[in-house]
Each structure stands twice: as C-alpha cells, then as structure tokens.
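Since the structure comes first, as structure tokens, the remarks are kept for the end.
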Amino acid sequence: MAVGDGKDSRKEPRVHKGRGATLNPGSRYLNTTSAPVDDGWNLQEEPDPAPATEFFPDRTVRLITRNASPDVPFDRSINAYKGCEHGCVYCFARPTHAYLDLSPGLDFETKIFYKTNVRERLVDELSARSYRCRPIAMGTNTDPYQPVEKRLRITRTILEVAAECRHPVSIVTKNALVLRDLDVLEDLAGDGLVSVMLSVTTLSNALKVKLEPRTASPSARLRAVAGLHRRDVPVGVMVAPVIPFINDHEIEAIVERAAAAGAAVAGHTLIRLPLEIKALFEAWLAEHYPMKAKRVMAAIHDAHGGKAYNSAWGERMRGKGAFADLLAARMAAARKRHGLAGKRLPPLRTDLFRPPQGGQLSLW
C-alpha cells in the first residue's frame with residue numbers, strides 16, 4: 001500500500017451495478033490515506049466486490065437544522081439520513097460525507113447514517129419556549145424516502161409528530177415510497193400543512209439506471225404524483241438537475257407527463273458540481289458518455305461563469321448565459337402549454353401549531 005495526501009487515492013474508476021459513483025476518493029480533510037499499488041509479483045487481481053450498504057446510528061444532538069440561504073424558500077429542515085443509497089452521481093450533498101472522514105464517492109451511497117430517538121428529540125425541540133413555528137423542509141440534502149426508510153420509518157415518525165402538533169412540512173423526494181404515508185399526508189393537507197415535490201430527472205429508465213441507480217423508476221414517480229393528487233395533497237415536479245446534452249431534451253416531455261399526472265407546478269435546476277462532485281461526474285461521463293463528455297462539461301462551464309460551479313446566490317441553481325437562458329425559456333413555454341404558468345403551491349399554514357403533549361403547555 002502507498003501513502004498519499006488524502007486527496008487522490010482510490011481514483012481508478014470502477015463500475016458497480018446499482019451504484020452511481022465510479023470513484024471513492026478519500027476525504028479532503030484527511031492528511032494521509034492508503035492506496036493499492038503494483039508490488040511486482042504480478043498476482044492475478046481478484047475482482048473488486050460490489051460494496052454492500054452499511055447503516056450506522058447518528059446521535060447528533062439537534063434534529064432541526066437552521067438555514068439562512070437567501071435563495072431557498074425555507075429557514076429550517078430535517079434530514080433523517082446522512083448519505084443516500086439512491087446513488088445519484090450528481091448529488092450536491094456528496095461533499096458532506098468528507099466531514100465524517102468518508103468519501104463523497106461510493107462511501108456516500110454505501111455508508112448511511114440515520115437519526116436516532118427521533119420522536120423524543122423532535123418533541124423536545126418543538127416544545128421549547130423559544131420555538132416559533134415555520135415550515136420544516138424535508139429532503140433538502142438527502143432523500144427522506146431512500147430505500148432504508150421502508151424499514152426504519154424515520155420520515156414516517158417525523159410526519160406523525162408533525163400531524164399531532166399541526167406543524168407544516170414540505171417534502172422533496174425521488175421515491176414512490178412517499179405513497180406509503182398517504183394517510184398522514186392527507187391529514188396534513190386537509191389543513192394546508194404539507195406540500196410534496198417529486199424530482200423527475202428523466203423519462204428514460206435506461207438513463208435513470210446509470211444516473212440515479214436506486215431511485216424509483218420514472219413511471220413510478222409519475223404514479224406517485226397522480227396518487228398524491230387524487231388525495232388532494234399539493235404536489236409538483238422538479239426537473240432536477242438538467243444536464244446539458246444528457247437529459248435537457250426531455251424537459252418538455254417531463255412537464256407534459258407531470259401535468260397529466262396532476263402536478264400543480266413544475267420547476268427545474270441546472271446541474272452544479274461543487275468540490276468532489278466535479279471529478280465524480282467527469283468519471284461518470286467518461287464511463288457512460290465518452291463521446292459527449294467534453295461537450296457536456298463545456299456547456300456546464302459556460303452556464304456557471306467558466307467554472308463547474310458558481311456559488312453566487314440566485315445563480316448557483318439556475319446558472320446564467322445562453323444555455324441557462326434558453327433552458328428557462330423552454331421551461332416557461334412548457335408550463336404555459338400545459339396550464340402551469342404562474343402556478344405556485346399554496347403557502348403552508350403556521351397558525352394551527354400546538355406544542356406537543358407533555359411539552360410547552362397553554363396558560364388557559
């Protein structure tokens with residue numbers, strides 16, 4: 001094994017079935033790492049086994065995270081999981097795994113941390129005398145309905161507490177598992193306390209398998225939109241992210257299918273590649289779309305001021321320049337064509353909130 005600087009190890013691309021990343025670079029915070037080298041013995045290399053998913057309890061103290069970003073419509077969120085088994089290669093949350101001294105590559109999608117004692121912690125936070133009710137966003141970093149949620153039911157527990165307290169929540173997901181919680185969502189929706197956005201990146205299952213391998217199929221996501229709409233749960237669709245020359249040709253078709261399924265709104269974001277995601281995405285392009293790779297990256301750079309990512313507020317998710325402007329115009333035209341122009345999901349109510357039983361008590 002050779003010792004390195006912690007930034008360039010484990011960079012030989014390998015494709016694993018059901019995984020998005022082809023690399024597993026070390027955490028940028030590690031000073032040293034190890035990497036395999038040829039020792040000259042010329043022994044037959046054993047095949048690299050597909051990495052299994054591991055789950056670890058996360059005992060962080062606070063459940064609700066505060067946010068002050070001026071270009072997102074929420075100031076607090078809950079992420080039930082760190083890491084995401086969905087394996088979306090472009091996921092902007094990947095670099096956060098470096099804070100755990102793990103890789104934003106395969107580690108991010110195979111080493112998943114889950115919140116513990118969720119009900120007790122959320123009740124304590126909502127019961128605090130200083131707490132002021134504002135909508136809680138779920139799915140802002142990692143997906144609240146990734147596969148393990150079916151077993152752990154952490155997102156379900158959060159929604160149940162929200163229903164008991166009449167607390168507003170918004171959800172973003174790529175997984176049709178959201179339909180499991182229709183009973184709670186319908187209850188919240190009856191009082192204007194919930195909205196759901198389904199991310200539909202492509203209508204091609206072949207592309208989905210490469211790009212976001214363990215997410216629900218495109219047809220399943222659209223069925224989830226229809227199922228939520230039938231139960232009067234406010235629901236919309238995000239074409240996110242749009243990747244030049246990979247899925248941008250689909251945006252009109254996605255908006256059409258989303259509107260037909262009952263989506264009340266449709267939006268989009270442009271791919272952004274901060275920190276380690278750039279190398280991960282470039283390796284993915286080289287593996288799956290080598291003939292398009294230079295053209296794709298050139299368009300991304302053009303839309304982000306010559307870089308793979310521009311962190312400026314108001315620009316980081318939409319980009320600017322000819323491609324970004326054309327994309328926005330196409331989305332506007334598609335929304336108009338399918339009756340979604342100017343539509344917004346209804347604002348979530350905060351006036352019905354009541355502190356949890358056993359927490360903060362009324363004076364009357």
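Numbering starts fresh at 1 for the residues of each chain in the structure tokens, the chains themselves are lettered A, B, ... in the order given, and ligands are numbered from 1 as they appear.
Using only C-alpha atoms, the residues found no farther than 8 Å from Val200 (chain A), other than those of its own chain fewer than 5 positions away, are Lys174, Pro218, Arg221, Val237, Met238, Val239, Ala240 and Ile254 of chain A.
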Practice task
List every residue of region 25-156 of chain A that DSSP, applied to the backbone of this structure, assigns to helix (DSSP H, G or I), and report them as a list in words.
Solution key: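 Selection result, helix (DSSP H, G or I) within region 25-156 of chain A: Arg94, Pro95, Thr96, His97, Ala98, Tyr99, Leu100, Leu106, Asp107, Phe108, Glu109, Thr110, Val118, Arg119, Glu120, Arg121, Leu122, Val123, Asp124, Glu125, Leu126, Ser127, Glu149, Lys150, Arg151, Leu152, Ile154, Thr155 and Arg156 of chain A.
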Store the residues picked out above in a file with N, CA and C atoms, as a PDB file, in the first residue's frame.
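Dumped to again18.pdb:
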```pdb
ATOM      1  N   ARG A  94     -23.084  15.107  -1.639  1.00  0.00           N
ATOM      2  CA  ARG A  94     -21.954  14.178  -1.513  1.00  0.00           C
ATOM      3  C   ARG A  94     -20.781  14.751  -0.712  1.00  0.00           C
ATOM      4  N   PRO A  95     -20.365  16.001  -0.942  1.00  0.00           N
ATOM      5  CA  PRO A  95     -19.196  16.506  -0.198  1.00  0.00           C
ATOM      6  C   PRO A  95     -19.358  16.504   1.315  1.00  0.00           C
ATOM      7  N   THR A  96     -20.581  16.434   1.827  1.00  0.00           N
ATOM      8  CA  THR A  96     -20.772  16.445   3.282  1.00  0.00           C
ATOM      9  C   THR A  96     -20.223  15.189   3.941  1.00  0.00           C
ATOM     10  N   HIS A  97     -20.062  14.102   3.188  1.00  0.00           N
ATOM     11  CA  HIS A  97     -19.509  12.887   3.800  1.00  0.00           C
ATOM     12  C   HIS A  97     -18.047  13.074   4.190  1.00  0.00           C
ATOM     13  N   ALA A  98     -17.372  14.041   3.584  1.00  0.00           N
ATOM     14  CA  ALA A  98     -15.980  14.312   3.961  1.00  0.00           C
ATOM     15  C   ALA A  98     -15.886  14.775   5.405  1.00  0.00           C
ATOM     16  N   TYR A  99     -16.964  15.413   5.922  1.00  0.00           N
ATOM     17  CA  TYR A  99     -16.950  15.841   7.322  1.00  0.00           C
ATOM     18  C   TYR A  99     -16.870  14.649   8.266  1.00  0.00           C
ATOM     19  N   LEU A 100     -17.246  13.476   7.780  1.00  0.00           N
ATOM     20  CA  LEU A 100     -17.196  12.255   8.580  1.00  0.00           C
ATOM     21  C   LEU A 100     -15.922  11.464   8.301  1.00  0.00           C
ATOM     22  N   LEU A 106     -18.225   6.417  -3.416  1.00  0.00           N
ATOM     23  CA  LEU A 106     -19.013   5.235  -3.055  1.00  0.00           C
ATOM     24  C   LEU A 106     -19.393   5.207  -1.578  1.00  0.00           C
ATOM     25  N   ASP A 107     -18.541   5.763  -0.708  1.00  0.00           N
ATOM     26  CA  ASP A 107     -18.897   5.787   0.716  1.00  0.00           C
ATOM     27  C   ASP A 107     -20.225   6.505   0.938  1.00  0.00           C
ATOM     28  N   PHE A 108     -20.459   7.594   0.203  1.00  0.00           N
ATOM     29  CA  PHE A 108     -21.684   8.379   0.386  1.00  0.00           C
ATOM     30  C   PHE A 108     -22.932   7.536   0.153  1.00  0.00           C
ATOM     31  N   GLU A 109     -22.864   6.592  -0.785  1.00  0.00           N
ATOM     32  CA  GLU A 109     -24.050   5.793  -1.097  1.00  0.00           C
ATOM     33  C   GLU A 109     -24.038   4.406  -0.463  1.00  0.00           C
ATOM     34  N   THR A 110     -22.975   4.070   0.279  1.00  0.00           N
ATOM     35  CA  THR A 110     -22.913   2.747   0.917  1.00  0.00           C
ATOM     36  C   THR A 110     -22.765   2.818   2.433  1.00  0.00           C
ATOM     37  N   VAL A 118     -35.777   9.856  17.317  1.00  0.00           N
ATOM     38  CA  VAL A 118     -36.323  10.978  16.547  1.00  0.00           C
ATOM     39  C   VAL A 118     -37.542  11.595  17.214  1.00  0.00           C
ATOM     40  N   ARG A 119     -38.478  10.766  17.640  1.00  0.00           N
ATOM     41  CA  ARG A 119     -39.693  11.316  18.256  1.00  0.00           C
ATOM     42  C   ARG A 119     -39.346  12.147  19.479  1.00  0.00           C
ATOM     43  N   GLU A 120     -38.533  11.617  20.363  1.00  0.00           N
ATOM     44  CA  GLU A 120     -38.214  12.326  21.596  1.00  0.00           C
ATOM     45  C   GLU A 120     -37.496  13.639  21.314  1.00  0.00           C
ATOM     46  N   ARG A 121     -36.548  13.594  20.391  1.00  0.00           N
ATOM     47  CA  ARG A 121     -35.768  14.798  20.095  1.00  0.00           C
ATOM     48  C   ARG A 121     -36.636  15.866  19.436  1.00  0.00           C
ATOM     49  N   LEU A 122     -37.512  15.449  18.515  1.00  0.00           N
ATOM     50  CA  LEU A 122     -38.358  16.428  17.835  1.00  0.00           C
ATOM     51  C   LEU A 122     -39.372  17.032  18.799  1.00  0.00           C
ATOM     52  N   VAL A 123     -39.947  16.217  19.662  1.00  0.00           N
ATOM     53  CA  VAL A 123     -40.884  16.737  20.666  1.00  0.00           C
ATOM     54  C   VAL A 123     -40.197  17.757  21.561  1.00  0.00           C
ATOM     55  N   ASP A 124     -38.969  17.461  21.981  1.00  0.00           N
ATOM     56  CA  ASP A 124     -38.233  18.398  22.831  1.00  0.00           C
ATOM     57  C   ASP A 124     -38.011  19.732  22.116  1.00  0.00           C
ATOM     58  N   GLU A 125     -37.627  19.683  20.852  1.00  0.00           N
ATOM     59  CA  GLU A 125     -37.332  20.921  20.130  1.00  0.00           C
ATOM     60  C   GLU A 125     -38.596  21.731  19.857  1.00  0.00           C
ATOM     61  N   LEU A 126     -39.692  21.042  19.530  1.00  0.00           N
ATOM     62  CA  LEU A 126     -40.938  21.760  19.257  1.00  0.00           C
ATOM     63  C   LEU A 126     -41.576  22.275  20.540  1.00  0.00           C
ATOM     64  N   SER A 127     -41.175  21.730  21.675  1.00  0.00           N
ATOM     65  CA  SER A 127     -41.742  22.148  22.964  1.00  0.00           C
ATOM     66  C   SER A 127     -40.997  23.323  23.586  1.00  0.00           C
ATOM     67  N   GLU A 149     -35.692   3.711   4.453  1.00  0.00           N
ATOM     68  CA  GLU A 149     -36.842   4.299   5.134  1.00  0.00           C
ATOM     69  C   GLU A 149     -37.990   3.310   5.237  1.00  0.00           C
ATOM     70  N   LYS A 150     -38.083   2.389   4.291  1.00  0.00           N
ATOM     71  CA  LYS A 150     -39.146   1.390   4.340  1.00  0.00           C
ATOM     72  C   LYS A 150     -39.069   0.578   5.628  1.00  0.00           C
ATOM     73  N   ARG A 151     -37.838   0.364   6.108  1.00  0.00           N
ATOM     74  CA  ARG A 151     -37.644  -0.426   7.326  1.00  0.00           C
ATOM     75  C   ARG A 151     -37.561   0.450   8.574  1.00  0.00           C
ATOM     76  N   LEU A 152     -36.820   1.553   8.515  1.00  0.00           N
ATOM     77  CA  LEU A 152     -36.582   2.364   9.708  1.00  0.00           C
ATOM     78  C   LEU A 152     -37.727   3.313  10.044  1.00  0.00           C
ATOM     79  N   ILE A 154     -38.188   6.475   9.796  1.00  0.00           N
ATOM     80  CA  ILE A 154     -37.815   7.712  10.483  1.00  0.00           C
ATOM     81  C   ILE A 154     -38.616   8.892   9.931  1.00  0.00           C
ATOM     82  N   THR A 155     -38.704   8.989   8.606  1.00  0.00           N
ATOM     83  CA  THR A 155     -39.507  10.050   7.999  1.00  0.00           C
ATOM     84  C   THR A 155     -40.963   9.928   8.433  1.00  0.00           C
ATOM     85  N   ARG A 156     -41.456   8.711   8.475  1.00  0.00           N
ATOM     86  CA  ARG A 156     -42.836   8.476   8.933  1.00  0.00           C
ATOM     87  C   ARG A 156     -43.025   9.012  10.354  1.00  0.00           C
TER      88      ARG A 156
END
```
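Nearest to Arg28 (chain A) of all the residues A:Gly321, A:Pro356, A:Pro147, A:Gly105 is A:Gly105, counting only C-alpha atoms.
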Problem - Separation of CA of Met197 (chain A) from CA of Val265 (chain A) in Å - result: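 Separation between CA of Val265 (chain A) and CA of Met197 (chain A): 8.8 Å.
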Problem - Pick from A:Ala329, A:Ala334, A:Val172, A:Met291 nearest to Ile251 (chain A), counting only C-alpha atoms - result: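 Once distances to Ile251 (chain A) are computed over only C-alpha atoms, the minimum belongs to A:Ala334.
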Practice task
Could you check which of A:Ser311, A:Thr202, A:Thr157, A:Thr215 is closest to Arg19 (chain A), using only C-alpha atoms?
Solution key: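 Checking each candidate against Arg19 (chain A), we get A:Thr215 as the closest.
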Name all residues at most 9 Å from Asp248 (chain A) (count only C-alpha atoms; drop same-chain ones fewer than 5 positions away) and give them as a CSV table (one decimal) with all heavy atoms, in the first residue's frame.
```
chain,number,residue,atom,x,y,z
A,202,THR,N,-35.6,12.2,-15.6
A,202,THR,CA,-35.6,11.7,-16.9
A,202,THR,C,-36.9,10.8,-17.0
A,202,THR,O,-37.4,10.3,-16.0
A,202,THR,CB,-34.4,10.9,-17.3
A,202,THR,OG1,-34.5,10.3,-18.6
A,202,THR,CG2,-34.1,9.8,-16.2
A,242,VAL,N,-31.1,19.5,-14.6
A,242,VAL,CA,-31.0,19.4,-16.0
A,242,VAL,C,-29.5,19.3,-16.4
A,242,VAL,O,-28.7,20.2,-15.9
A,242,VAL,CB,-31.6,20.7,-16.7
A,242,VAL,CG1,-31.4,20.6,-18.2
A,242,VAL,CG2,-33.1,20.7,-16.3
A,243,ILE,N,-29.1,18.4,-17.2
A,243,ILE,CA,-27.7,18.2,-17.6
A,243,ILE,C,-27.6,18.4,-19.1
A,243,ILE,O,-28.3,17.7,-19.9
A,243,ILE,CB,-27.2,16.7,-17.2
A,243,ILE,CG1,-27.5,16.5,-15.7
A,243,ILE,CG2,-25.8,16.6,-17.6
A,243,ILE,CD1,-27.2,15.0,-15.3
A,327,LEU,N,-32.8,27.4,-21.5
A,327,LEU,CA,-33.5,26.4,-20.6
A,327,LEU,C,-34.7,27.1,-19.9
A,327,LEU,O,-35.8,26.5,-19.9
A,327,LEU,CB,-32.5,25.9,-19.7
A,327,LEU,CG,-32.9,24.7,-18.8
A,327,LEU,CD1,-33.3,23.5,-19.6
A,327,LEU,CD2,-31.8,24.3,-17.8
```
For the strand (DSSP E or B) assignment from backbone DSSP, which residues of region 111-359 of chain A qualify? Please present them as a compact mmCIF listing (two decimals) with N, CA, C and O atoms, in the first residue's frame.
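Everything below was put into result_18.txt:
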```
# COMPACT_ATOMS: atom_id res chain seq x y z
N LYS A 111 -22.43 3.98 2.98
CA LYS A 111 -22.30 4.14 4.43
C LYS A 111 -23.30 5.22 4.85
O LYS A 111 -23.04 6.42 4.76
N ILE A 112 -24.46 4.76 5.31
CA ILE A 112 -25.60 5.64 5.59
C ILE A 112 -25.78 5.79 7.10
O ILE A 112 -25.81 4.79 7.83
N PHE A 113 -25.91 7.02 7.55
CA PHE A 113 -26.14 7.31 8.96
C PHE A 113 -27.59 7.76 9.14
O PHE A 113 -28.10 8.55 8.36
N TYR A 114 -28.24 7.22 10.17
CA TYR A 114 -29.64 7.53 10.40
C TYR A 114 -29.84 8.14 11.78
O TYR A 114 -29.18 7.78 12.74
N LYS A 115 -30.78 9.09 11.84
CA LYS A 115 -31.07 9.77 13.11
C LYS A 115 -31.71 8.79 14.09
O LYS A 115 -32.49 7.92 13.71
N ILE A 136 -41.11 23.13 8.09
CA ILE A 136 -39.88 22.33 8.11
C ILE A 136 -39.75 21.63 6.76
O ILE A 136 -40.67 20.93 6.32
N ALA A 137 -38.62 21.81 6.11
CA ALA A 137 -38.36 21.18 4.81
C ALA A 137 -37.67 19.84 5.02
O ALA A 137 -36.72 19.74 5.80
N MET A 138 -38.13 18.83 4.29
CA MET A 138 -37.52 17.51 4.35
C MET A 138 -37.09 17.10 2.94
O MET A 138 -37.81 17.31 1.98
N VAL A 169 -44.99 20.97 6.96
CA VAL A 169 -43.79 20.35 6.42
C VAL A 169 -43.86 20.37 4.89
O VAL A 169 -44.94 20.32 4.30
N SER A 170 -42.70 20.47 4.26
CA SER A 170 -42.60 20.29 2.81
C SER A 170 -41.63 19.15 2.54
O SER A 170 -40.69 18.93 3.32
N ILE A 171 -41.85 18.43 1.45
CA ILE A 171 -41.08 17.22 1.15
C ILE A 171 -40.59 17.27 -0.29
O ILE A 171 -41.34 17.63 -1.19
N VAL A 172 -39.33 16.89 -0.49
CA VAL A 172 -38.78 16.67 -1.82
C VAL A 172 -38.24 15.24 -1.86
O VAL A 172 -37.49 14.85 -0.96
N THR A 173 -38.61 14.48 -2.89
CA THR A 173 -38.18 13.08 -2.96
C THR A 173 -38.13 12.59 -4.40
O THR A 173 -38.74 13.18 -5.29
N VAL A 194 -49.00 20.67 4.29
CA VAL A 194 -47.98 19.88 3.62
C VAL A 194 -48.00 20.15 2.12
O VAL A 194 -49.05 20.46 1.54
N SER A 195 -46.82 20.05 1.51
CA SER A 195 -46.70 20.01 0.05
C SER A 195 -45.56 19.06 -0.29
O SER A 195 -44.64 18.86 0.51
N VAL A 196 -45.64 18.46 -1.48
CA VAL A 196 -44.65 17.46 -1.91
C VAL A 196 -44.17 17.81 -3.30
O VAL A 196 -44.98 18.16 -4.18
N MET A 197 -42.86 17.70 -3.52
CA MET A 197 -42.28 17.84 -4.85
C MET A 197 -41.57 16.54 -5.21
O MET A 197 -40.74 16.05 -4.44
N LEU A 198 -41.92 15.98 -6.37
CA LEU A 198 -41.24 14.81 -6.90
C LEU A 198 -40.18 15.26 -7.90
O LEU A 198 -40.48 16.04 -8.80
N SER A 199 -38.97 14.80 -7.72
CA SER A 199 -37.91 15.11 -8.68
C SER A 199 -37.95 14.07 -9.80
O SER A 199 -37.79 12.88 -9.56
N VAL A 235 -48.99 18.84 -4.90
CA VAL A 235 -47.82 18.14 -5.41
C VAL A 235 -47.32 18.82 -6.69
O VAL A 235 -48.12 19.32 -7.49
N GLY A 236 -46.03 18.87 -6.84
CA GLY A 236 -45.41 19.41 -8.04
C GLY A 236 -44.24 18.55 -8.47
O GLY A 236 -43.92 17.55 -7.83
N VAL A 237 -43.61 18.94 -9.57
CA VAL A 237 -42.48 18.18 -10.12
C VAL A 237 -41.32 19.13 -10.37
O VAL A 237 -41.50 20.25 -10.83
N MET A 238 -40.13 18.66 -10.04
CA MET A 238 -38.89 19.36 -10.37
C MET A 238 -38.12 18.55 -11.41
O MET A 238 -37.89 17.35 -11.21
N VAL A 239 -37.76 19.19 -12.51
CA VAL A 239 -36.84 18.57 -13.47
C VAL A 239 -35.45 18.92 -12.95
O VAL A 239 -34.93 20.00 -13.22
N ALA A 240 -34.87 18.00 -12.18
CA ALA A 240 -33.67 18.36 -11.43
C ALA A 240 -32.74 17.16 -11.25
O ALA A 240 -33.19 16.12 -10.77
N PRO A 241 -31.47 17.36 -11.63
CA PRO A 241 -30.95 18.54 -12.33
C PRO A 241 -31.06 18.35 -13.85
O PRO A 241 -31.12 17.23 -14.35
N VAL A 242 -31.07 19.47 -14.55
CA VAL A 242 -30.96 19.42 -16.00
C VAL A 242 -29.48 19.35 -16.37
O VAL A 242 -28.68 20.16 -15.89
N ALA A 266 -44.34 23.04 -11.87
CA ALA A 266 -43.16 22.39 -12.41
C ALA A 266 -42.01 23.39 -12.39
O ALA A 266 -42.19 24.56 -12.76
N GLY A 267 -40.85 22.94 -11.95
CA GLY A 267 -39.67 23.80 -11.91
C GLY A 267 -38.45 23.03 -12.38
O GLY A 267 -38.54 21.87 -12.79
N HIS A 268 -37.29 23.67 -12.31
CA HIS A 268 -36.07 23.00 -12.73
C HIS A 268 -34.87 23.58 -12.00
O HIS A 268 -34.93 24.71 -11.48
N THR A 269 -33.80 22.81 -11.95
CA THR A 269 -32.50 23.31 -11.53
C THR A 269 -31.47 22.80 -12.52
O THR A 269 -31.65 21.75 -13.14
N LEU A 270 -30.40 23.56 -12.66
CA LEU A 270 -29.30 23.18 -13.55
C LEU A 270 -28.24 22.46 -12.73
O LEU A 270 -28.00 22.80 -11.56
```
Handout entry: Within 7 Å of region 132-135 of chain A using only C-alpha atoms, minus same-chain residues under 3 positions, as number ranges by chain
Key = A: 74, 168-170, 348, 350, 353
Take the selection from the previous step and output its residues with C-alpha atoms, as a PDB file, in the first residue's frame.
```pdb
ATOM      1  CA  PHE A  74     -37.202  27.630   3.921  1.00  0.00           C
ATOM      2  CA  PRO A 168     -46.299  22.395   8.455  1.00  0.00           C
ATOM      3  CA  VAL A 169     -43.787  20.351   6.416  1.00  0.00           C
ATOM      4  CA  SER A 170     -42.599  20.292   2.813  1.00  0.00           C
ATOM      5  CA  LEU A 348     -48.272  26.323   4.332  1.00  0.00           C
ATOM      6  CA  THR A 350     -48.397  28.047  10.721  1.00  0.00           C
ATOM      7  CA  PHE A 353     -49.379  24.731  15.551  1.00  0.00           C
TER       8      PHE A 353
END
```
Practice task
For CA of Arg59 (chain A) and CA of Thr116 (chain A), quote the distance in Å rounded to one decimal.
Solution key: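 Atom-to-atom, CA of Arg59 (chain A) and CA of Thr116 (chain A) are spaced 6.0 Å apart.
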Exercise for the section: Tell me which of A:Ala68, A:Arg337, A:Pro104, A:Phe55 sits closest to Ala279 (chain A), counting only C-alpha atoms. Expected result: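 Distance minimum relative to Ala279 (chain A) lands on A:Pro104.
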Problem - Using only C-alpha atoms: which of A:Leu193, A:Val148, A:Ala332, A:Ala52 has the shortest distance to Cys165 (chain A) - result: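 Closest to Cys165 (chain A), using only C-alpha atoms: A:Leu193.
Counting from CA of Leu345 (chain A), the distance to CA of Val233 (chain A) is 10.3 Å.
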Handout entry: Residue contacts of Asn205 (chain A) (10 Å, only C-alpha atoms) excluding same-chain residues fewer than 4 positions away, as a list of chain:residue names
Key =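 Once the nearby chain positions are removed, what remains is A:Val209, A:Lys210, A:Leu211, A:Glu212, A:Pro213, A:Ala216, A:Ser217, A:Pro218, A:Ser219.
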Exercise for the section: Using only C-alpha atoms, find the one residue out of A:Pro144, A:Gly319, A:Gly262, A:Pro57 that sits nearest to Leu222 (chain A). Expected result: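 Selected residue with least distance to Leu222 (chain A): A:Gly262.
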Could you pull the residues within 9 Å of Arg166 (chain A), counting only C-alpha atoms, minus those fewer than 2 positions along the same chain, as a PDB file with C-alpha atoms, in the first residue's frame?
```
ATOM      1  CA  VAL A 161     -45.227  14.189  15.178  1.00  0.00           C
ATOM      2  CA  ALA A 162     -45.957  16.998  12.709  1.00  0.00           C
ATOM      3  CA  ALA A 163     -49.550  15.789  12.382  1.00  0.00           C
ATOM      4  CA  GLU A 164     -50.005  15.601  16.137  1.00  0.00           C
ATOM      5  CA  PRO A 168     -46.299  22.395   8.455  1.00  0.00           C
ATOM      6  CA  LEU A 188     -51.903  17.361   6.970  1.00  0.00           C
ATOM      7  CA  ASP A 191     -55.377  21.836   6.975  1.00  0.00           C
ATOM      8  CA  LEU A 193     -49.898  21.825   6.276  1.00  0.00           C
ATOM      9  CA  THR A 350     -48.397  28.047  10.721  1.00  0.00           C
ATOM     10  CA  ASP A 351     -51.318  29.293  12.807  1.00  0.00           C
ATOM     11  CA  LEU A 352     -52.567  25.809  13.757  1.00  0.00           C
ATOM     12  CA  PHE A 353     -49.379  24.731  15.551  1.00  0.00           C
ATOM     13  CA  ARG A 354     -49.791  23.434  19.072  1.00  0.00           C
ATOM     14  CA  PRO A 355     -46.792  22.274  21.131  1.00  0.00           C
TER      15      PRO A 355
END
```
